[in-house]
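Presented below is the structure to which this report refers.
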Amino acid sequence: MKNFISTENITHDELEKLFRLADDIKSNKKKYADVLKGYVIATLFYEPSTRTRLSFESSIQRLGAGLISTENAKENASAKKGESLEDTIRIIQGYADMIVLRHFENDSSERAVRVATVPIINAGAGGGEHPTQGLLDIYTIREYKGKVDGTSVAIMGDLKYGRTAHSMIKLLSLYKDITVYGFSVKGLELPQKYKDFLKEREVKYIECKSFNDIPSDVDFIYQTRVQTERLEDKNMKIEELIINKDNFARFSKHTYLLHPLPRVDEISTDLDDDERSIYFKQAHNGIPTRMALIYSIMEDFYGVK
Amino acid sequence: MKNFISTENITHDELEKLFRLADDIKSNKKKYADVLKGYVIATLFYEPSTRTRLSFESSIQRLGAGLISTENAKENASAKKGESLEDTIRIIQGYADMIVLRHFENDSSERAVRVATVPIINAGAGGGEHPTQGLLDIYTIREYKGKVDGTSVAIMGDLKYGRTAHSMIKLLSLYKDITVYGFSVKGLELPQKYKDFLKEREVKYIECKSFNDIPSDVDFIYQTRVQTERLEDKNMKIEELIINKDNFARFSKHTYLLHPLPRVDEISTDLDDDERSIYFKQAHNGIPTRMALIYSIMEDFYGVK
Amino acid sequence: MKNFISTENITHDELEKLFRLADDIKSNKKKYADVLKGYVIATLFYEPSTRTRLSFESSIQRLGAGLISTENAKENASAKKGESLEDTIRIIQGYADMIVLRHFENDSSERAVRVATVPIINAGAGGGEHPTQGLLDIYTIREYKGKVDGTSVAIMGDLKYGRTAHSMIKLLSLYKDITVYGFSVKGLELPQKYKDFLKEREVKYIECKSFNDIPSDVDFIYQTRVQTERLEDKNMKIEELIINKDNFARFSKHTYLLHPLPRVDEISTDLDDDERSIYFKQAHNGIPTRMALIYSIMEDFYGVK
């Protein structure tokens, strides 16, 4: 693996290998503190994303690599002067041994890869892929259930535009015996192409008409944020998309609550102390998974030992 | 000490211990170059403050820790999407082993500490506390006078809103036999609650009606900036709040001039070469004091040896 | 050498010594990975310049130094509060052992040097000097021709305001037997003072009336960007300032194409795969030349071994 720009170009075995490396990183932090010493990695962000950027930058430094960073390349001089993304990539790759790219256009990572001589990681591309979010989501599922095969996950909220839910189910489909429940409001349902994709991969997809249709023993609920400006019917009530202590009470003690964050109101803060609320731990898993991804690409590409 | 968010939660002995550590750091820089290797510290700034941020970031790196930084978190994605400060802290603490927080609200550090599992340092909170500025101020007084007990300090400028003067006199009150002179213009006098505080701590407070009332043998003059938009009487002349070569001439050769900086006109540049002008050296003391603070908290909390 | 703020204060021998160091850095990267360990260097940018900043920041880290960075100091708190550049320098030098300064005023570096106790490197000063760009340009010429003496270079585009062309020819004039061709449009010709300077240094300067006047066996073409708002005649056609596959075909296979970048349309992308197009490799030479510059100044000033 030279680049990681889409959930679609990783296999089940590569994913599992990555997760085993993440496990080792998580339990032997010190072992990896110097492995990328002497290398420099660039975080090239064309739009600010504090959480994703800081997660990558902490990972880079915990591996001992140097870091060059730009948090709003769009507003900076070269892009304003009309420099193309391709030219910027061709220049930055002379300064850094890997580029972590966040860009506002869906095809930005593909364009970067076409000209790049150093590895590229996609850290979010417009409304398209955000594949490392998918990695940490599946890693968290694997951690809390002990394995991914046989898992049931209810995705809810914005199933139409929510790119994190899409990346997650794509990776989930690499495993066996998966059931996905989908609950949303009118106009934000899972697009047909994802339903077809799941069917083709033999993932069971069950659409729920109300929150109550989600089985009480589902393994995970993956909640997402609904941007009210995206609602077809502006008077639509999204209250039933909110999870709180009351409506979460009926679920099993093994039903874990996930959220890609940031959270606004869609998970009530009265659930933060519930031990089934693992969304912050999920965010923290960004470190071992991104460290594993960066390290294994650098290892393959540069022969880092 | 797990956190440092207020000048009010440090004792005389803790302060002196910190200053002795700062002394050692100042004279044995190399000894500390690697002590925090393998740790990552976040500077989470919700408003830009180049000087304070760079001072912390230099300190962090001089201790060998990794650094993740955001200089304008307020404008960044998560906060704009409505993420609470509490959620941001709960996420960042998965990426960093300590958080240095600058925020525009007075109670931000208290709120951060309530949810944080990693140490928090307050790097300025709205119009409230800026306790590490107080640290370096007292450390500078101690360095130039040889001790803090028995010191006299004239604070002048904006005594009402100037948070650095407030932090400074609070820490000063931990020492014995302190005299504080206050000189300001109408409407910017030291608030009664600070006068009461000083009285209770047996610090002598003497209000001066003119610059000439400040004794010529005072140990330190602590000048601060007056924001003209804060003057009650917009026609008020603030010339007499300006220190220059002429009116500083009558002071003893042991009267040192302090300023928290940035300085605009309130200390004339013709004083910069005067050896009693120690405001830049005062700013530089931000390094050993912040290194000492960070290191001693990390040592207590993580058992760094 | 304590500072590097102008192409005018370096000699031929110093330049060659720097280039030999850059050669060694380029071929023995690992040897230099820790040489500045324990030092901290500040990049103080008053205007954003992603490429220059990241190039310096990569160089700093590849030498093992710590880095404190500000990419838009102009918009930050202290400058907005009215702090002078001189005060900022006097403060930052307490945090960092060297300051890399980018500023929007032509005399900014001179002003910084007047108050600084640590070394200053000029990373671009308004419409004035950008001397490290000159360094990497000459280094690239030396690399591709094998030596600099005897070189012919055609500079084209904006010869009036293009500061990179000015820095380049100034450094070029330190060598023997140099020929410079100049091709521009009306109003953007090389200013008389540079023509006089070249004459004085015994550099042959030949003005070309059309692109076709540039000899087909010239060693290098140094293309620059024309900002259309700078054209005297707004209806002027700048098509003939564009280099593309067609009009570049007549040149020798040893005629290399340089550009300080960013490029907009003035070099057609259909030339990117031509092996005589070395503008990206030229940009990459920013790393060994800046590493050599930083290291040799630090070595001289601090006695780094």
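Starting from 1 in every chain, residues are counted up; chains themselves are A, B, ... following the order of the structure tokens, and ligands are numbered from 1 as listed.
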Restrict the calculation to only C-alpha atoms, then for each residue of chain B with any atom at most 10 Å from an atom of chain A give the closest atom pair and their distance in Å to one decimal, rows by chain and rising residue number, as CSV.
```
residue,atom,partner,partner_atom,distance
B:Lys37,CA,A:Ala33,CA,8.5
B:Gly38,CA,A:Ala33,CA,6.0
B:Tyr39,CA,A:Arg62,CA,7.7
B:Val40,CA,A:Ser58,CA,6.8
B:Ile41,CA,A:Ser58,CA,8.8
B:Ala42,CA,A:Leu54,CA,8.6
B:Leu44,CA,A:Thr50,CA,9.8
B:Ala65,CA,A:Gln61,CA,9.1
B:Gly66,CA,A:Gln61,CA,5.9
B:Leu67,CA,A:Ser58,CA,7.5
B:Ile68,CA,A:Leu54,CA,6.0
B:Ser69,CA,A:Leu54,CA,7.4
B:Thr70,CA,A:Thr50,CA,7.2
B:Glu71,CA,A:Glu71,CA,9.8
B:Asn72,CA,A:Thr50,CA,9.6
B:Ala73,CA,A:Thr50,CA,7.2
B:Glu75,CA,A:Pro48,CA,8.6
B:Asn76,CA,A:Pro48,CA,5.7
B:Ala77,CA,A:Ser49,CA,5.3
B:Ser78,CA,A:Pro262,CA,6.0
B:Ala79,CA,A:Pro262,CA,8.5
B:Lys81,CA,A:Pro262,CA,7.4
B:Gly82,CA,A:Val264,CA,5.9
B:Glu83,CA,A:Pro262,CA,5.7
B:Ser84,CA,A:Val264,CA,7.9
B:Asp87,CA,A:Pro262,CA,7.8
B:Thr88,CA,A:Pro262,CA,8.3
B:Arg90,CA,A:Phe280,CA,6.7
B:Ile91,CA,A:Phe280,CA,6.0
B:Ile92,CA,A:Arg51,CA,7.5
B:Gln93,CA,A:His284,CA,8.2
B:Gly94,CA,A:His284,CA,4.7
B:Tyr95,CA,A:Ser58,CA,6.0
B:Ala96,CA,A:Ser58,CA,7.1
```
- Query: Taking the backbone alone, and naming residues the way the document does, which bits of region 96-172 of chain C are strand (DSSP E or B) by DSSP, as an MDAnalysis selection string?
  - Reply: chainID C and resid 98:103 120:125 152:156
Using only N, CA, C and O atoms, please write the residues we just selected to a file, as a PDB file, in the first residue's frame.
```pdb
ATOM      1  N   MET C  98      17.182  31.507  16.700  1.00  0.00           N
ATOM      2  CA  MET C  98      17.318  32.117  15.378  1.00  0.00           C
ATOM      3  C   MET C  98      15.908  32.504  14.928  1.00  0.00           C
ATOM      4  O   MET C  98      14.935  31.829  15.287  1.00  0.00           O
ATOM      5  N   ILE C  99      15.807  33.588  14.168  1.00  0.00           N
ATOM      6  CA  ILE C  99      14.486  34.002  13.673  1.00  0.00           C
ATOM      7  C   ILE C  99      14.513  34.066  12.150  1.00  0.00           C
ATOM      8  O   ILE C  99      15.367  34.738  11.572  1.00  0.00           O
ATOM      9  N   VAL C 100      13.581  33.340  11.520  1.00  0.00           N
ATOM     10  CA  VAL C 100      13.388  33.403  10.074  1.00  0.00           C
ATOM     11  C   VAL C 100      12.200  34.350   9.846  1.00  0.00           C
ATOM     12  O   VAL C 100      11.086  34.060  10.273  1.00  0.00           O
ATOM     13  N   LEU C 101      12.468  35.482   9.220  1.00  0.00           N
ATOM     14  CA  LEU C 101      11.464  36.557   9.159  1.00  0.00           C
ATOM     15  C   LEU C 101      10.942  36.782   7.748  1.00  0.00           C
ATOM     16  O   LEU C 101      11.712  37.014   6.810  1.00  0.00           O
ATOM     17  N   ARG C 102       9.622  36.744   7.603  1.00  0.00           N
ATOM     18  CA  ARG C 102       8.962  37.149   6.378  1.00  0.00           C
ATOM     19  C   ARG C 102       8.075  38.332   6.735  1.00  0.00           C
ATOM     20  O   ARG C 102       7.248  38.244   7.653  1.00  0.00           O
ATOM     21  N   HIS C 103       8.246  39.445   6.015  1.00  0.00           N
ATOM     22  CA  HIS C 103       7.519  40.665   6.395  1.00  0.00           C
ATOM     23  C   HIS C 103       7.173  41.441   5.134  1.00  0.00           C
ATOM     24  O   HIS C 103       7.839  41.322   4.117  1.00  0.00           O
ATOM     25  N   ILE C 120      19.297  36.438  12.217  1.00  0.00           N
ATOM     26  CA  ILE C 120      18.071  36.694  11.445  1.00  0.00           C
ATOM     27  C   ILE C 120      18.286  36.198  10.010  1.00  0.00           C
ATOM     28  O   ILE C 120      19.316  36.502   9.407  1.00  0.00           O
ATOM     29  N   ILE C 121      17.316  35.466   9.483  1.00  0.00           N
ATOM     30  CA  ILE C 121      17.316  35.136   8.058  1.00  0.00           C
ATOM     31  C   ILE C 121      16.104  35.795   7.414  1.00  0.00           C
ATOM     32  O   ILE C 121      14.987  35.682   7.935  1.00  0.00           O
ATOM     33  N   ASN C 122      16.341  36.504   6.327  1.00  0.00           N
ATOM     34  CA  ASN C 122      15.270  37.155   5.572  1.00  0.00           C
ATOM     35  C   ASN C 122      14.598  36.132   4.658  1.00  0.00           C
ATOM     36  O   ASN C 122      15.219  35.608   3.748  1.00  0.00           O
ATOM     37  N   ALA C 123      13.318  35.881   4.915  1.00  0.00           N
ATOM     38  CA  ALA C 123      12.564  34.926   4.086  1.00  0.00           C
ATOM     39  C   ALA C 123      11.603  35.660   3.159  1.00  0.00           C
ATOM     40  O   ALA C 123      10.574  35.122   2.762  1.00  0.00           O
ATOM     41  N   GLY C 124      11.993  36.877   2.793  1.00  0.00           N
ATOM     42  CA  GLY C 124      11.146  37.674   1.899  1.00  0.00           C
ATOM     43  C   GLY C 124      10.702  38.949   2.576  1.00  0.00           C
ATOM     44  O   GLY C 124      10.067  38.896   3.616  1.00  0.00           O
ATOM     45  N   ALA C 125      11.045  40.085   1.975  1.00  0.00           N
ATOM     46  CA  ALA C 125      10.738  41.371   2.595  1.00  0.00           C
ATOM     47  C   ALA C 125      10.051  42.262   1.568  1.00  0.00           C
ATOM     48  O   ALA C 125      10.710  42.861   0.720  1.00  0.00           O
ATOM     49  N   SER C 152      25.028  31.058 -19.277  1.00  0.00           N
ATOM     50  CA  SER C 152      24.127  32.044 -19.868  1.00  0.00           C
ATOM     51  C   SER C 152      22.703  31.769 -19.392  1.00  0.00           C
ATOM     52  O   SER C 152      22.266  30.620 -19.363  1.00  0.00           O
ATOM     53  N   VAL C 153      22.034  32.830 -18.966  1.00  0.00           N
ATOM     54  CA  VAL C 153      20.675  32.700 -18.429  1.00  0.00           C
ATOM     55  C   VAL C 153      19.778  33.739 -19.079  1.00  0.00           C
ATOM     56  O   VAL C 153      20.119  34.932 -19.093  1.00  0.00           O
ATOM     57  N   ALA C 154      18.655  33.301 -19.613  1.00  0.00           N
ATOM     58  CA  ALA C 154      17.655  34.243 -20.123  1.00  0.00           C
ATOM     59  C   ALA C 154      16.571  34.428 -19.080  1.00  0.00           C
ATOM     60  O   ALA C 154      15.916  33.454 -18.691  1.00  0.00           O
ATOM     61  N   ILE C 155      16.441  35.673 -18.585  1.00  0.00           N
ATOM     62  CA  ILE C 155      15.361  35.936 -17.623  1.00  0.00           C
ATOM     63  C   ILE C 155      14.200  36.537 -18.395  1.00  0.00           C
ATOM     64  O   ILE C 155      14.380  37.389 -19.267  1.00  0.00           O
ATOM     65  N   MET C 156      12.992  36.103 -18.092  1.00  0.00           N
ATOM     66  CA  MET C 156      11.864  36.659 -18.835  1.00  0.00           C
ATOM     67  C   MET C 156      10.617  36.773 -17.961  1.00  0.00           C
ATOM     68  O   MET C 156      10.533  36.197 -16.884  1.00  0.00           O
TER      69      MET C 156
END
```
As a check of understanding: the span from CA of Ala116 (chain C) to CA of Lys26 (chain B) is 20.5 Å
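In this model, the gap between CA of Thr179 (chain B) and CA of Arg142 (chain B) comes to 14.7 Å.
Pairwise distance (CA of Gly182 (chain A), CA of Ile238 (chain A)) equals 15.4 Å.
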So that I can check the surroundings of Ser210 (chain B), please list as a PyMOL selection string every protein, DNA and RNA residue that reaches within 12 Å of it, counting only C-alpha atoms and ignoring chain neighbours fewer than 6 positions away.
chain B and resi 154+156-157+181-186+238-242+247
Pick out the residues sitting within 7 Å of Lys2 (chain A), and hand them over as a ChimeraX atom specification; count only C-alpha atoms, and ignore anything fewer than 2 positions along from it in its own chain. /A:119,297,301
Any chance you could export the current selection's N, CA, C and O atoms as a short mmCIF file (atom, residue, chain, number, x, y, z; two decimals), in the first residue's frame?
```cif
data_model
loop_
_atom_site.label_atom_id
_atom_site.label_comp_id
_atom_site.auth_asym_id
_atom_site.auth_seq_id
_atom_site.Cartn_x
_atom_site.Cartn_y
_atom_site.Cartn_z
N PRO A 119 3.97 9.04 -0.67
CA PRO A 119 2.64 8.53 -0.32
C PRO A 119 1.67 9.66 0.08
O PRO A 119 2.07 10.67 0.67
N ILE A 297 2.55 2.34 5.83
CA ILE A 297 2.84 2.89 4.49
C ILE A 297 4.32 3.29 4.38
O ILE A 297 4.99 2.98 3.40
N PHE A 301 7.00 1.76 1.82
CA PHE A 301 7.49 2.63 0.75
C PHE A 301 8.98 2.95 0.90
O PHE A 301 9.71 3.01 -0.09
#
```
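Candidate residues A:Thr151, A:Gln133, A:Gln192, A:Thr11 were compared for distance to Ala165 (chain A), and the nearest is A:Gln133, using only C-alpha atoms.
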